>>> print(open('structure11.cif').read())   # mmCIF, C-alpha atoms
data_input
#
loop_
_atom_site.label_atom_id
_atom_site.label_comp_id
_atom_site.auth_asym_id
_atom_site.auth_seq_id
_atom_site.Cartn_x
_atom_site.Cartn_y
_atom_site.Cartn_z
CA MET A 34 205.73 263.32 145.71
CA LYS A 35 204.21 262.11 142.43
CA LEU A 36 204.81 258.54 143.48
CA LEU A 37 203.13 259.22 146.82
CA ILE A 38 200.10 260.79 145.12
CA ALA A 39 199.91 257.92 142.66
CA ALA A 40 200.09 255.46 145.52
CA LEU A 41 197.37 257.27 147.42
CA VAL A 42 195.16 257.35 144.31
CA ALA A 43 195.77 253.64 143.76
CA VAL A 44 194.86 252.87 147.37
CA PHE A 45 191.69 254.98 147.02
CA VAL A 46 190.70 253.30 143.77
CA ILE A 47 191.39 249.84 145.12
CA GLY A 48 189.45 250.67 148.28
CA ALA A 49 186.54 252.01 146.26
CA VAL A 50 186.51 248.94 144.03
CA VAL A 51 186.66 246.61 147.02
CA THR A 52 183.85 248.56 148.71
CA LEU A 53 181.69 248.56 145.58
CA ALA A 54 182.32 244.87 145.10
CA ALA A 55 181.46 244.13 148.73
CA LEU A 56 178.22 246.07 148.47
CA SER A 57 177.15 244.28 145.28
CA ALA A 58 174.24 241.87 145.60
CA THR A 59 173.20 238.50 144.19
CA PRO A 60 169.70 238.18 142.72
CA ALA A 61 167.27 235.53 143.99
CA ILE A 62 164.84 233.96 141.52
CA ALA A 63 161.49 232.27 142.19
CA VAL A 64 158.80 231.12 139.75
CA ASP A 65 155.40 231.53 141.44
CA PRO A 66 153.15 229.72 140.82
CA PRO A 67 155.49 226.86 139.84
CA VAL A 68 155.42 225.89 136.16
CA LYS A 69 155.43 222.16 135.48
CA ALA A 70 154.39 222.29 131.84
CA ILE A 71 154.33 224.73 128.94
CA GLY A 72 152.14 224.57 125.86
CA ALA A 73 151.25 226.85 123.00
CA ASP A 74 151.38 230.08 125.07
CA THR A 75 151.79 229.46 128.81
CA PRO A 76 151.90 232.38 131.29
CA VAL A 77 154.91 232.47 133.62
CA GLN A 78 155.48 234.74 136.62
CA VAL A 79 159.00 235.26 137.91
CA GLU A 80 159.77 237.07 141.15
CA VAL A 81 163.34 238.40 141.43
CA SER A 82 164.69 239.90 144.65
CA ASP A 83 167.61 242.29 144.32
CA PRO A 84 167.95 245.55 146.28
CA TYR A 85 169.57 247.29 143.30
CA GLY A 86 167.19 246.07 140.64
CA LEU A 87 168.05 244.19 137.47
CA ARG A 88 170.21 245.03 134.50
CA ARG A 89 168.91 242.05 132.55
CA LEU A 90 166.26 239.34 132.85
CA THR A 91 166.19 236.56 130.28
CA ALA A 92 164.13 233.37 129.94
CA LEU A 93 164.97 230.48 127.66
CA VAL A 94 163.61 227.04 126.92
CA GLU A 95 166.15 224.27 126.35
CA GLN A 96 165.17 221.09 124.53
CA ASN A 97 167.31 218.44 122.83
CA GLY A 98 170.43 220.58 123.00
CA ALA A 99 168.81 223.67 121.46
CA ARG A 100 168.07 226.93 123.31
CA TYR A 101 165.16 229.24 122.49
CA THR A 102 164.88 232.72 124.01
CA VAL A 103 161.28 233.46 125.00
CA PHE A 104 161.84 236.65 126.99
CA ASP A 105 164.65 239.22 127.18
CA GLN A 106 164.47 242.47 129.13
CA HIS A 107 167.29 245.02 129.65
CA HIS A 108 167.64 248.16 131.81
CA PRO A 109 170.29 250.89 131.86
CA ALA A 110 173.36 249.99 133.91
CA HIS A 111 174.05 251.62 137.31
CA ARG A 112 177.58 250.46 138.02
CA LEU A 113 178.72 253.29 140.33
CA TRP A 114 175.61 254.87 141.79
CA PHE A 115 173.69 251.68 142.52
CA MET A 116 173.89 252.23 146.32
CA ARG A 117 171.21 254.91 145.97
CA LEU A 118 168.77 252.32 144.66
CA ARG A 119 166.49 250.31 146.91
CA GLU A 120 164.00 248.16 145.05
CA ALA A 121 161.38 245.79 146.39
CA PRO A 122 161.14 242.30 144.89
CA ARG A 123 159.81 242.62 141.35
CA THR A 124 157.36 240.26 139.64
CA THR A 125 157.69 239.97 135.87
CA ALA A 126 155.15 238.15 133.72
CA PHE A 127 155.91 236.67 130.33
CA ARG A 128 154.71 233.79 128.16
CA ALA A 129 156.58 230.66 127.12
CA GLY A 130 155.58 228.04 124.59
CA LYS A 131 155.38 227.14 120.94
CA GLN A 132 154.25 230.63 119.94
CA GLN A 133 157.52 232.02 121.31
CA ALA A 134 159.64 229.01 120.22
CA PRO A 135 158.09 227.35 117.14
CA ALA A 136 160.65 224.52 117.08
CA LEU A 137 159.48 223.08 120.42
CA ARG A 138 158.21 219.51 120.36
CA PRO A 139 156.14 217.53 122.88
CA GLY A 140 158.27 216.06 125.65
CA LYS A 141 160.73 217.08 128.33
CA ALA A 142 162.41 220.48 128.37
CA THR A 143 164.02 222.96 130.76
CA LEU A 144 162.88 226.50 131.51
CA VAL A 145 165.93 228.65 132.29
CA VAL A 146 165.70 232.08 133.91
CA GLU A 147 168.77 234.32 134.12
CA ALA A 148 168.89 237.52 136.21
CA GLN A 149 171.76 240.03 136.34
CA SER A 150 172.04 242.47 139.24
CA ASN A 151 172.20 246.16 138.34
CA ASP A 152 175.17 247.01 140.55
CA PHE A 153 178.98 247.23 140.29
CA LEU A 154 179.74 243.54 139.80
CA GLY A 155 176.55 242.70 137.91
CA ARG A 156 176.42 239.13 139.16
CA THR A 157 174.27 236.80 137.07
CA VAL A 158 172.19 234.03 138.63
CA THR A 159 170.59 231.20 136.68
CA ALA A 160 167.62 229.09 137.81
CA SER A 161 166.46 226.01 135.89
CA PHE A 162 163.09 224.26 136.06
CA ASP A 163 162.18 220.93 134.48
CA VAL A 164 158.99 221.21 132.41
CA ASN A 165 156.97 219.12 130.00
CA VAL A 166 156.02 220.57 126.64
CA VAL A 167 152.33 219.75 126.17
CA LEU A 168 150.90 220.76 122.82
CA GLU A 169 147.78 218.60 122.39
CA PRO A 170 144.67 220.34 123.78
CA PRO A 171 141.96 218.55 125.77
CA ARG A 172 138.75 217.52 124.02
CA LEU A 173 135.26 217.23 125.49
CA VAL A 174 132.02 215.44 124.64
CA VAL A 175 129.23 216.42 127.05
CA ASP A 176 126.02 214.46 127.64
CA GLU A 177 122.81 215.37 125.81
CA ALA A 178 120.56 215.04 128.87
CA GLN A 179 118.19 217.76 130.06
CA HIS A 180 119.45 219.50 133.17
CA TYR A 181 116.80 221.23 135.29
CA ILE A 182 118.54 223.27 137.99
CA ASN A 183 117.05 225.10 140.95
CA GLN A 184 118.74 228.32 141.99
CA GLY A 185 120.64 227.34 145.13
CA GLY A 186 120.31 223.65 144.21
CA ALA A 187 122.41 220.89 142.69
CA GLU A 188 122.67 218.95 139.43
CA LEU A 189 124.89 216.32 137.80
CA VAL A 190 126.41 216.27 134.31
CA THR A 191 128.40 213.50 132.62
CA PHE A 192 131.05 213.91 129.92
CA THR A 193 133.98 212.26 128.15
CA VAL A 194 137.36 213.96 128.11
CA SER A 195 140.21 213.00 125.80
CA GLY A 196 143.40 214.45 124.38
CA ASP A 197 145.98 215.75 126.81
CA TRP A 198 144.23 216.81 130.04
CA SER A 199 144.99 217.02 133.75
CA GLU A 200 141.84 218.60 135.25
CA ALA A 201 138.15 218.66 134.37
CA GLY A 202 134.87 219.67 135.99
CA VAL A 203 132.14 222.30 135.91
CA LYS A 204 132.33 226.07 136.28
CA VAL A 205 129.35 228.16 137.33
CA GLY A 206 130.21 231.85 137.47
CA GLY A 207 133.26 232.11 139.73
CA TYR A 208 132.68 228.69 141.30
CA THR A 209 134.51 225.52 140.22
CA PHE A 210 133.37 221.95 140.90
CA ARG A 211 135.59 218.91 140.46
CA SER A 212 134.78 215.82 138.45
CA PHE A 213 135.21 212.13 139.25
CA PRO A 214 135.35 208.97 137.11
CA LEU A 215 131.93 207.44 136.51
CA PRO A 216 131.64 204.31 138.69
CA GLY A 217 132.94 201.28 136.83
CA GLN A 218 134.12 203.32 133.82
CA PRO A 219 137.55 204.44 132.52
CA ALA A 220 139.04 207.55 134.10
CA ASN A 221 138.12 209.74 131.11
CA GLU A 222 134.39 208.92 131.48
CA ARG A 223 133.49 211.45 134.14
CA PHE A 224 130.75 213.22 136.03
CA SER A 225 130.53 216.40 138.06
CA LEU A 226 128.06 216.95 140.88
CA PHE A 227 127.77 220.72 140.99
CA GLY A 228 125.72 223.45 142.59
CA PHE A 229 124.11 226.58 141.18
CA PRO A 230 124.97 228.97 144.05
CA TRP A 231 122.11 231.03 145.46
CA ASP A 232 123.94 234.33 144.89
CA LEU A 233 124.50 233.99 141.14
CA PRO A 234 122.24 235.69 138.55
CA VAL A 235 119.82 233.21 137.00
CA ASP A 236 121.25 233.96 133.54
CA THR A 237 124.65 232.55 134.58
CA VAL A 238 125.66 229.80 132.14
CA PRO A 239 127.21 226.67 133.68
CA HIS A 240 129.70 224.80 131.50
CA VAL A 241 132.04 221.83 131.55
CA TYR A 242 135.76 222.54 131.25
CA ALA A 243 138.94 220.54 130.77
CA ARG A 244 142.47 221.85 131.13
CA ASN A 245 145.88 220.36 130.46
CA ALA A 246 149.01 220.82 132.56
CA ALA A 247 150.20 223.67 130.33
CA GLY A 248 147.06 225.70 131.08
CA THR A 249 145.25 225.18 127.76
CA GLU A 250 141.53 225.01 128.55
CA VAL A 251 138.49 224.00 126.50
CA THR A 252 134.82 224.24 127.45
CA GLY A 253 131.67 222.31 126.59
CA ARG A 254 128.04 223.38 126.91
CA PHE A 255 125.04 221.29 127.91
CA TRP A 256 121.28 221.79 127.84
CA PHE A 257 119.98 223.36 131.06
CA LYS A 258 117.11 225.34 132.50
CA ILE A 259 117.41 227.41 135.67
CA PHE A 260 114.43 227.80 138.00
CA PRO A 261 114.70 231.07 139.97
CA LYS A 262 113.91 230.77 143.67
CA PRO A 263 112.86 233.59 146.01
CA PHE A 264 114.98 233.94 149.13
CA ARG A 265 113.54 235.58 152.21
CA LYS A 266 114.70 238.81 153.77
CA ARG A 267 114.31 239.10 157.52
CA ASP A 268 115.06 241.57 160.28
CA LEU A 269 116.70 239.91 163.27
CA GLU A 270 116.52 241.87 166.52
CA ILE A 271 119.59 241.47 168.71
CA THR A 272 119.48 242.40 172.38
CA ASP A 273 122.09 243.06 175.01
CA ALA A 274 121.23 239.73 176.63
CA PHE A 275 121.84 237.92 173.33
CA LEU A 276 125.12 239.75 172.79
CA ASP A 277 126.30 238.95 176.30
CA LYS A 278 125.53 235.26 175.79
CA VAL A 279 126.97 234.60 172.36
CA VAL A 280 129.91 237.02 172.34
CA ASN A 281 131.38 235.88 175.64
CA GLN A 282 130.89 232.25 174.68
CA ILE A 283 132.59 232.56 171.28
CA ASP A 284 135.13 235.28 172.11
CA PRO A 285 135.92 235.05 175.83
CA GLY A 286 138.32 237.76 176.93
CA GLY A 287 137.99 239.68 173.65
CA SER A 288 138.54 243.43 173.50
CA GLY A 289 136.02 246.12 172.65
CA ASP A 290 132.35 246.56 173.46
CA LEU A 291 129.90 243.70 172.94
CA LEU A 292 128.44 245.05 169.72
CA ALA A 293 131.85 245.59 168.09
CA ARG A 294 132.93 242.09 169.10
CA PHE A 295 129.67 240.65 167.77
CA LEU A 296 130.17 242.34 164.41
CA ARG A 297 133.69 240.91 164.11
CA ILE A 298 132.30 237.47 164.88
CA ASN A 299 129.36 237.82 162.53
CA ARG A 300 131.51 239.05 159.64
CA ASP A 301 135.09 237.88 159.97
CA LEU A 302 134.68 234.69 161.97
CA ARG A 303 131.69 233.66 159.83
CA LYS A 304 133.87 233.96 156.73
CA GLN A 305 136.68 231.94 158.34
CA ASN A 306 134.29 229.24 159.54
CA ASN A 307 132.66 228.91 156.12
CA GLN A 308 136.09 228.58 154.57
CA THR A 309 136.89 225.76 157.02
CA LEU A 310 133.69 224.02 155.97
CA SER A 311 134.52 224.51 152.30
CA ASP A 312 138.01 223.06 152.77
CA LEU A 313 136.48 219.82 154.08
CA ARG A 314 135.57 219.01 150.45
CA LEU A 315 139.11 217.67 150.17
CA LYS A 316 138.22 214.97 152.71
CA THR A 317 135.66 213.24 150.52
CA ALA A 318 135.38 209.62 149.46
CA GLU A 319 135.39 208.88 145.74
CA ARG A 320 132.34 206.67 146.01
CA VAL A 321 128.70 206.95 147.01
CA LEU A 322 128.41 206.44 150.78
CA TRP A 323 124.75 207.49 151.13
CA ASN A 324 121.63 205.44 150.52
CA GLY A 325 118.22 206.80 149.52
CA PRO A 326 116.72 210.16 150.54
CA PHE A 327 118.24 212.22 153.32
CA LEU A 328 116.45 212.66 156.64
CA GLN A 329 115.22 215.92 158.13
CA LEU A 330 115.21 216.26 161.91
CA ALA A 331 111.98 214.51 162.98
CA ASN A 332 109.02 216.64 164.14
CA SER A 333 111.06 219.81 163.73
CA GLN A 334 109.78 223.32 163.11
CA VAL A 335 111.63 225.35 160.47
CA GLU A 336 112.69 228.65 162.04
CA SER A 337 115.04 229.82 159.27
CA HIS A 338 115.34 228.79 155.63
CA PHE A 339 118.27 228.36 153.28
CA ALA A 340 119.74 231.67 152.04
CA ASP A 341 117.65 233.88 154.31
CA VAL A 342 119.09 237.38 154.06
CA ARG A 343 119.26 238.61 157.63
CA SER A 344 119.41 242.25 158.64
CA TYR A 345 120.68 242.51 162.22
CA VAL A 346 118.93 245.30 164.11
CA TYR A 347 120.26 246.66 167.41
CA LYS A 348 118.25 249.30 169.30
CA GLY A 349 116.27 250.14 166.19
CA LYS A 350 119.28 250.49 163.88
CA LYS A 351 120.50 248.05 161.24
CA VAL A 352 124.09 247.16 162.14
CA ASP A 353 124.87 244.24 159.82
CA GLN A 354 123.57 241.97 157.06
CA GLN A 355 124.52 238.35 156.46
CA VAL A 356 123.16 235.33 154.60
CA HIS A 357 122.09 232.24 156.57
CA LEU A 358 123.19 229.19 154.54
CA GLY A 359 121.11 226.42 156.06
CA TYR A 360 117.94 225.51 157.92
CA ASP A 361 117.33 226.18 161.60
CA LEU A 362 115.24 223.28 162.92
CA ALA A 363 113.76 223.32 166.42
CA VAL A 364 111.91 220.67 168.45
CA THR A 365 112.61 220.80 172.18
CA GLN A 366 115.81 221.20 174.17
CA HIS A 367 118.62 218.69 173.67
CA VAL A 368 116.83 216.40 171.21
CA PRO A 369 118.97 213.70 169.57
CA VAL A 370 120.53 214.82 166.29
CA VAL A 371 120.80 211.97 163.79
CA ALA A 372 122.85 211.49 160.65
CA ALA A 373 120.80 212.50 157.61
CA ASN A 374 122.36 209.62 155.68
CA ASP A 375 125.20 207.09 155.72
CA GLY A 376 128.67 208.57 155.65
CA ARG A 377 131.96 209.25 157.40
CA VAL A 378 132.48 211.96 160.02
CA VAL A 379 135.11 214.46 158.84
CA TRP A 380 134.59 217.15 161.54
CA ALA A 381 133.38 216.88 165.12
CA ALA A 382 134.47 219.88 167.19
CA ASP A 383 133.76 223.54 167.93
CA LEU A 384 133.52 225.74 164.85
CA GLY A 385 133.03 229.34 165.90
CA ILE A 386 129.61 230.64 164.90
CA TYR A 387 128.37 227.07 164.40
CA GLY A 388 129.31 226.08 167.96
CA ASN A 389 129.72 222.34 168.44
CA CYS A 390 129.55 221.10 164.87
CA ILE A 391 129.59 217.81 162.97
CA VAL A 392 130.23 217.37 159.26
CA VAL A 393 129.49 214.04 157.57
CA ASP A 394 130.93 213.17 154.17
CA HIS A 395 128.64 211.20 151.85
CA GLY A 396 131.11 210.82 148.97
CA TYR A 397 131.91 212.67 145.74
CA GLY A 398 132.02 216.05 147.52
CA LEU A 399 128.52 215.80 149.06
CA GLN A 400 128.54 216.64 152.80
CA SER A 401 126.00 217.44 155.53
CA ILE A 402 126.54 219.97 158.35
CA TYR A 403 125.04 219.95 161.88
CA GLY A 404 125.61 223.02 164.09
CA HIS A 405 124.87 224.49 167.55
CA LEU A 406 125.00 221.06 169.26
CA SER A 407 125.05 220.80 173.04
CA ARG A 408 126.93 217.49 172.84
CA ILE A 409 128.93 215.56 170.26
CA ASP A 410 129.01 211.76 170.47
CA VAL A 411 131.08 210.93 167.37
CA LYS A 412 134.63 211.64 166.23
CA PRO A 413 136.34 212.19 162.87
CA GLY A 414 136.74 208.93 160.99
CA ASP A 415 133.60 207.31 162.44
CA MET A 416 131.27 205.68 159.91
CA VAL A 417 127.65 206.55 160.69
CA LYS A 418 124.35 205.12 159.43
CA LYS A 419 121.26 207.04 158.40
CA GLY A 420 119.24 207.82 161.52
CA GLN A 421 122.14 207.17 163.92
CA ALA A 422 122.30 209.60 166.85
CA MET A 423 125.49 211.70 166.73
CA GLY A 424 124.79 214.24 169.49
CA HIS A 425 122.11 216.55 170.87
CA SER A 426 120.73 219.91 169.78
CA GLY A 427 121.78 223.00 171.70
CA SER A 428 122.51 226.71 171.57
CA THR A 429 126.30 226.81 171.20
CA GLY A 430 127.90 229.27 168.81
CA LEU A 431 125.85 232.09 167.33
CA ALA A 432 122.48 230.71 168.48
CA GLY A 433 119.86 232.48 170.56
CA GLY A 434 118.03 229.30 171.56
CA ASP A 435 118.14 225.52 171.30
CA HIS A 436 117.93 224.31 167.69
CA LEU A 437 119.82 222.44 164.96
CA HIS A 438 121.48 224.30 162.12
CA PHE A 439 121.39 221.87 159.19
CA SER A 440 123.02 222.46 155.84
CA MET A 441 124.58 220.58 152.95
CA GLN A 442 127.41 221.40 150.59
CA VAL A 443 128.63 220.19 147.22
CA ASP A 444 132.39 220.43 146.72
CA GLY A 445 132.56 223.11 149.39
CA VAL A 446 129.62 225.24 148.17
CA GLN A 447 126.59 225.25 150.47
CA ILE A 448 123.32 224.34 148.74
CA ASN A 449 119.64 223.99 149.60
CA PRO A 450 119.20 220.59 151.32
CA VAL A 451 115.49 220.27 150.42
CA GLU A 452 116.15 218.47 147.13
CA TRP A 453 118.02 215.72 148.94
CA PHE A 454 114.94 214.86 151.04
CA ASP A 455 113.13 213.84 147.81
CA ALA A 456 113.67 210.25 146.57
CA HIS A 457 112.30 211.05 143.10
CA TRP A 458 114.59 214.05 142.65
CA ILE A 459 117.60 211.97 143.73
CA HIS A 460 116.74 209.24 141.24
CA ASP A 461 116.00 211.55 138.31
CA ARG A 462 118.74 214.15 138.78
CA ILE A 463 121.56 212.07 140.30
CA LEU A 464 121.38 208.27 140.33
CA SER A 465 119.94 207.77 136.84
CA LYS A 466 122.92 209.67 135.39
CA LEU A 467 125.51 207.88 137.49
CA GLN A 468 124.10 204.55 136.29
CA SER A 469 123.41 205.61 132.70
CA LYS A 470 126.38 203.81 131.11
CA PRO A 471 126.36 200.00 130.73
#
>>> encode(input="structure11.cif", output="structure tokens")
Amino acid sequence: MKLLIAALVAVFVIGAVVTLAALSATPAIAVDPPVKAIGADTPVQVEVSDPYGLRRLTALVEQNGARYTVFDQHHPAHRLWFMRLREAPRTTAFRAGKQQAPALRPGKATLVVEAQSNDFLGRTVTASFDVNVVLEPPRLVVDEAQHYINQGGAELVTFTVSGDWSEAGVKVGGYTFRSFPLPGQPANERFSLFGFPWDLPVDTVPHVYARNAAGTEVTGRFWFKIFPKPFRKRDLEITDAFLDKVVNQIDPGGSGDLLARFLRINRDLRKQNNQTLSDLRLKTAERVLWNGPFLQLANSQVESHFADVRSYVYKGKKVDQQVHLGYDLAVTQHVPVVAANDGRVVWAADLGIYGNCIVVDHGYGLQSIYGHLSRIDVKPGDMVKKGQAMGHSGSTGLAGGDHLHFSMQVDGVQINPVEWFDAHWIHDRILSKLQSKP
């Protein structure tokens, strides 16, 4: 009988062990965002997926045969009762670099992350990532020019970057503008064409920045003066006839009443469309494509200005408020719409609230936008000349009548186009700085 009981106990124990082992998990490790370099004190985020949580999470840096622990976290073990646990993927942040491992030297290294599951078997998984150790910070020398900037307008600053760097440009509040090599100069002699967005406080301080691959960032200041600009506030009456026209054109077959559908278009689709426009900054030429001042639609009447704050009123009640980032220019129906300057077409298709829309790239992140067209006569990739007809005005998209919506953007941020109609402003604020070096 004792032997039988012992055998039964052994079978139970073996069965329990096999079951516990079968239920044990294997952690999955991901570093997000990916880390390609570490410096003095580089932030790292590791996401580990394991339904039973972790018993241990360790990070090390390996270089030249030596291993340096930069993070080590332990939790109490749950070997038998782990089945009760159900944990979502966990993100852990730590820092890796010379502050955590003083013996690190510039050059190649490996970031190693080890995760142990908090279950019966406690499996350990290791993930390795090749990194560069970058310890030299960037350095900046910014021009000494005077920078007069209109609120909602544009400006250009030049600078020299040295040391170890991978990215440089201008930051204005929460906006970032890229830089490009000055024409005919080494890659570290740079300029940034940037905007001072209409919605920022006038006491916002723009500055040049440079960052290396390890995330070390330095900044440089330059002399500037901001000129505040008043932006209009307008009530815009919307009628049932207007709603019926624009909503069914933009959102055919949509659900809900006309007003609800209009509000989704005016808020959500507007945001999506503006993001699409902003993303076109990545399709820019790294050279000046334009020539001289930009053209305004001939003989046109300005119906709306840049950064008009519009309150939408329906049956006497304000139902929405949005900002109109461009000029509405009207002449007569279906007038030819011409390119404001030389450039390359990067968009020529429907774009939601803008209807039939064309975007022309003029180089270095400068682009012009033409909306509400009745007809498009160009295609992406076409090179156009200043004054060349590209289509005809219309009332497609979120337009109550025939007109052209015209706007410009710098590195994806829409700006007031008026400055670009002025040859003297272009020479003084842009071209003289681009051509300032011998």
>>> atom_distance(input="structure11.cif", atom1="CA of Glu250 (chain A)", atom2="CA of Gly98 (chain A)")
29.8 Å
>>> resolve_selection(input="structure11.cif", expression="the PyMOL selection byres ((chain A and resi 238) around 12)", output="list in words")
Ile182, Val203, Lys204, Val205, Gly206, Gly207, Tyr208, Phe229, Pro230, Leu233, Pro234, Val235, Asp236, Thr237, Pro239, His240, Val241, Thr252, Gly253, Arg254, Phe255, Trp256, Phe257, Lys258 and Ile259 of chain A
>>> write_last_selection(input="structure11.cif", atoms="C-alpha atoms", output="short mmCIF file (atom, residue, chain, number, x, y, z; two decimals), keeping the file's coordinate frame")
data_model
loop_
_atom_site.label_atom_id
_atom_site.label_comp_id
_atom_site.auth_asym_id
_atom_site.auth_seq_id
_atom_site.Cartn_x
_atom_site.Cartn_y
_atom_site.Cartn_z
CA ILE A 182 118.54 223.27 137.99
CA VAL A 203 132.14 222.30 135.91
CA LYS A 204 132.33 226.07 136.28
CA VAL A 205 129.35 228.16 137.33
CA GLY A 206 130.21 231.85 137.47
CA GLY A 207 133.26 232.11 139.73
CA TYR A 208 132.68 228.69 141.30
CA PHE A 229 124.11 226.58 141.18
CA PRO A 230 124.97 228.97 144.05
CA LEU A 233 124.50 233.99 141.14
CA PRO A 234 122.24 235.69 138.55
CA VAL A 235 119.82 233.21 137.00
CA ASP A 236 121.25 233.96 133.54
CA THR A 237 124.65 232.55 134.58
CA PRO A 239 127.21 226.67 133.68
CA HIS A 240 129.70 224.80 131.50
CA VAL A 241 132.04 221.83 131.55
CA THR A 252 134.82 224.24 127.45
CA GLY A 253 131.67 222.31 126.59
CA ARG A 254 128.04 223.38 126.91
CA PHE A 255 125.04 221.29 127.91
CA TRP A 256 121.28 221.79 127.84
CA PHE A 257 119.98 223.36 131.06
CA LYS A 258 117.11 225.34 132.50
CA ILE A 259 117.41 227.41 135.67
#
>>> resolve_selection(input="structure11.cif", expression="the PyMOL selection byres ((chain A and resi 172) around 8)", output="list of chain:residue names")
A:Pro170, A:Pro171, A:Leu173, A:Val174, A:Val194, A:Ser195, A:Gly196, A:Asp197, A:Ala243, A:Val251
>>> resolve_selection(input="structure11.cif", expression="the PyMOL selection byres ((chain A and resi 68-78) around 12)", output="compact mmCIF listing (two decimals) with C-alpha atoms, keeping the file's coordinate frame")
# COMPACT_ATOMS: atom_id res chain seq x y z
CA ILE A 62 164.84 233.96 141.52
CA ALA A 63 161.49 232.27 142.19
CA VAL A 64 158.80 231.12 139.75
CA ASP A 65 155.40 231.53 141.44
CA PRO A 66 153.15 229.72 140.82
CA PRO A 67 155.49 226.86 139.84
CA VAL A 79 159.00 235.26 137.91
CA GLU A 80 159.77 237.07 141.15
CA VAL A 81 163.34 238.40 141.43
CA ALA A 92 164.13 233.37 129.94
CA LEU A 93 164.97 230.48 127.66
CA VAL A 94 163.61 227.04 126.92
CA VAL A 103 161.28 233.46 125.00
CA PHE A 104 161.84 236.65 126.99
CA ARG A 123 159.81 242.62 141.35
CA THR A 124 157.36 240.26 139.64
CA THR A 125 157.69 239.97 135.87
CA ALA A 126 155.15 238.15 133.72
CA PHE A 127 155.91 236.67 130.33
CA ARG A 128 154.71 233.79 128.16
CA ALA A 129 156.58 230.66 127.12
CA GLY A 130 155.58 228.04 124.59
CA LYS A 131 155.38 227.14 120.94
CA GLN A 132 154.25 230.63 119.94
CA GLN A 133 157.52 232.02 121.31
CA ALA A 134 159.64 229.01 120.22
CA PRO A 135 158.09 227.35 117.14
CA ALA A 136 160.65 224.52 117.08
CA LEU A 137 159.48 223.08 120.42
CA ARG A 138 158.21 219.51 120.36
CA PRO A 139 156.14 217.53 122.88
CA GLY A 140 158.27 216.06 125.65
CA LYS A 141 160.73 217.08 128.33
CA ALA A 142 162.41 220.48 128.37
CA THR A 143 164.02 222.96 130.76
CA LEU A 144 162.88 226.50 131.51
CA VAL A 145 165.93 228.65 132.29
CA VAL A 146 165.70 232.08 133.91
CA SER A 161 166.46 226.01 135.89
CA PHE A 162 163.09 224.26 136.06
CA ASP A 163 162.18 220.93 134.48
CA VAL A 164 158.99 221.21 132.41
CA ASN A 165 156.97 219.12 130.00
CA VAL A 166 156.02 220.57 126.64
CA VAL A 167 152.33 219.75 126.17
CA LEU A 168 150.90 220.76 122.82
CA GLU A 169 147.78 218.60 122.39
CA PRO A 170 144.67 220.34 123.78
CA PRO A 171 141.96 218.55 125.77
CA ASP A 197 145.98 215.75 126.81
CA TRP A 198 144.23 216.81 130.04
CA SER A 199 144.99 217.02 133.75
CA ARG A 244 142.47 221.85 131.13
CA ASN A 245 145.88 220.36 130.46
CA ALA A 246 149.01 220.82 132.56
CA ALA A 247 150.20 223.67 130.33
CA GLY A 248 147.06 225.70 131.08
CA THR A 249 145.25 225.18 127.76
CA GLU A 250 141.53 225.01 128.55
>>> residues_near_point(input="structure11.cif", point="(121.7, 239.3, 165.1)", cutoff="8 Å", atoms="all atoms listed in the file", output="PDB file with C-alpha atoms, keeping the file's coordinate frame")
ATOM      1  CA  LEU A 269     116.700 239.910 163.270  1.00  0.00           C
ATOM      2  CA  GLU A 270     116.520 241.870 166.520  1.00  0.00           C
ATOM      3  CA  ILE A 271     119.590 241.470 168.710  1.00  0.00           C
ATOM      4  CA  ARG A 343     119.260 238.610 157.630  1.00  0.00           C
ATOM      5  CA  SER A 344     119.410 242.250 158.640  1.00  0.00           C
ATOM      6  CA  TYR A 345     120.680 242.510 162.220  1.00  0.00           C
ATOM      7  CA  VAL A 346     118.930 245.300 164.110  1.00  0.00           C
ATOM      8  CA  TYR A 347     120.260 246.660 167.410  1.00  0.00           C
ATOM      9  CA  ASP A 353     124.870 244.240 159.820  1.00  0.00           C
TER      10      ASP A 353
END
>>> decode(input="structure11.cif", residues="region 139-145 of chain A", atoms="N, CA and C atoms", output="PDB file, in the first residue's frame")
ATOM      1  N   PRO A 139      34.645  55.760 -26.854  1.00  0.00           N
ATOM      2  CA  PRO A 139      33.986  55.941 -28.163  1.00  0.00           C
ATOM      3  C   PRO A 139      34.237  54.740 -29.070  1.00  0.00           C
ATOM      4  N   GLY A 140      33.206  54.343 -29.806  1.00  0.00           N
ATOM      5  CA  GLY A 140      33.340  53.218 -30.721  1.00  0.00           C
ATOM      6  C   GLY A 140      32.169  52.265 -30.631  1.00  0.00           C
ATOM      7  N   LYS A 141      32.344  51.087 -31.193  1.00  0.00           N
ATOM      8  CA  LYS A 141      31.276  50.099 -31.251  1.00  0.00           C
ATOM      9  C   LYS A 141      31.095  49.404 -29.908  1.00  0.00           C
ATOM     10  N   ALA A 142      29.850  49.042 -29.635  1.00  0.00           N
ATOM     11  CA  ALA A 142      29.517  48.312 -28.407  1.00  0.00           C
ATOM     12  C   ALA A 142      28.229  47.535 -28.647  1.00  0.00           C
ATOM     13  N   THR A 143      27.814  46.785 -27.634  1.00  0.00           N
ATOM     14  CA  THR A 143      26.571  46.014 -27.723  1.00  0.00           C
ATOM     15  C   THR A 143      25.741  46.267 -26.470  1.00  0.00           C
ATOM     16  N   LEU A 144      24.490  46.622 -26.682  1.00  0.00           N
ATOM     17  CA  LEU A 144      23.538  46.750 -25.576  1.00  0.00           C
ATOM     18  C   LEU A 144      22.833  45.405 -25.422  1.00  0.00           C
ATOM     19  N   VAL A 145      22.913  44.822 -24.237  1.00  0.00           N
ATOM     20  CA  VAL A 145      22.330  43.501 -23.982  1.00  0.00           C
ATOM     21  C   VAL A 145      21.221  43.647 -22.942  1.00  0.00           C
TER      22      VAL A 145
END
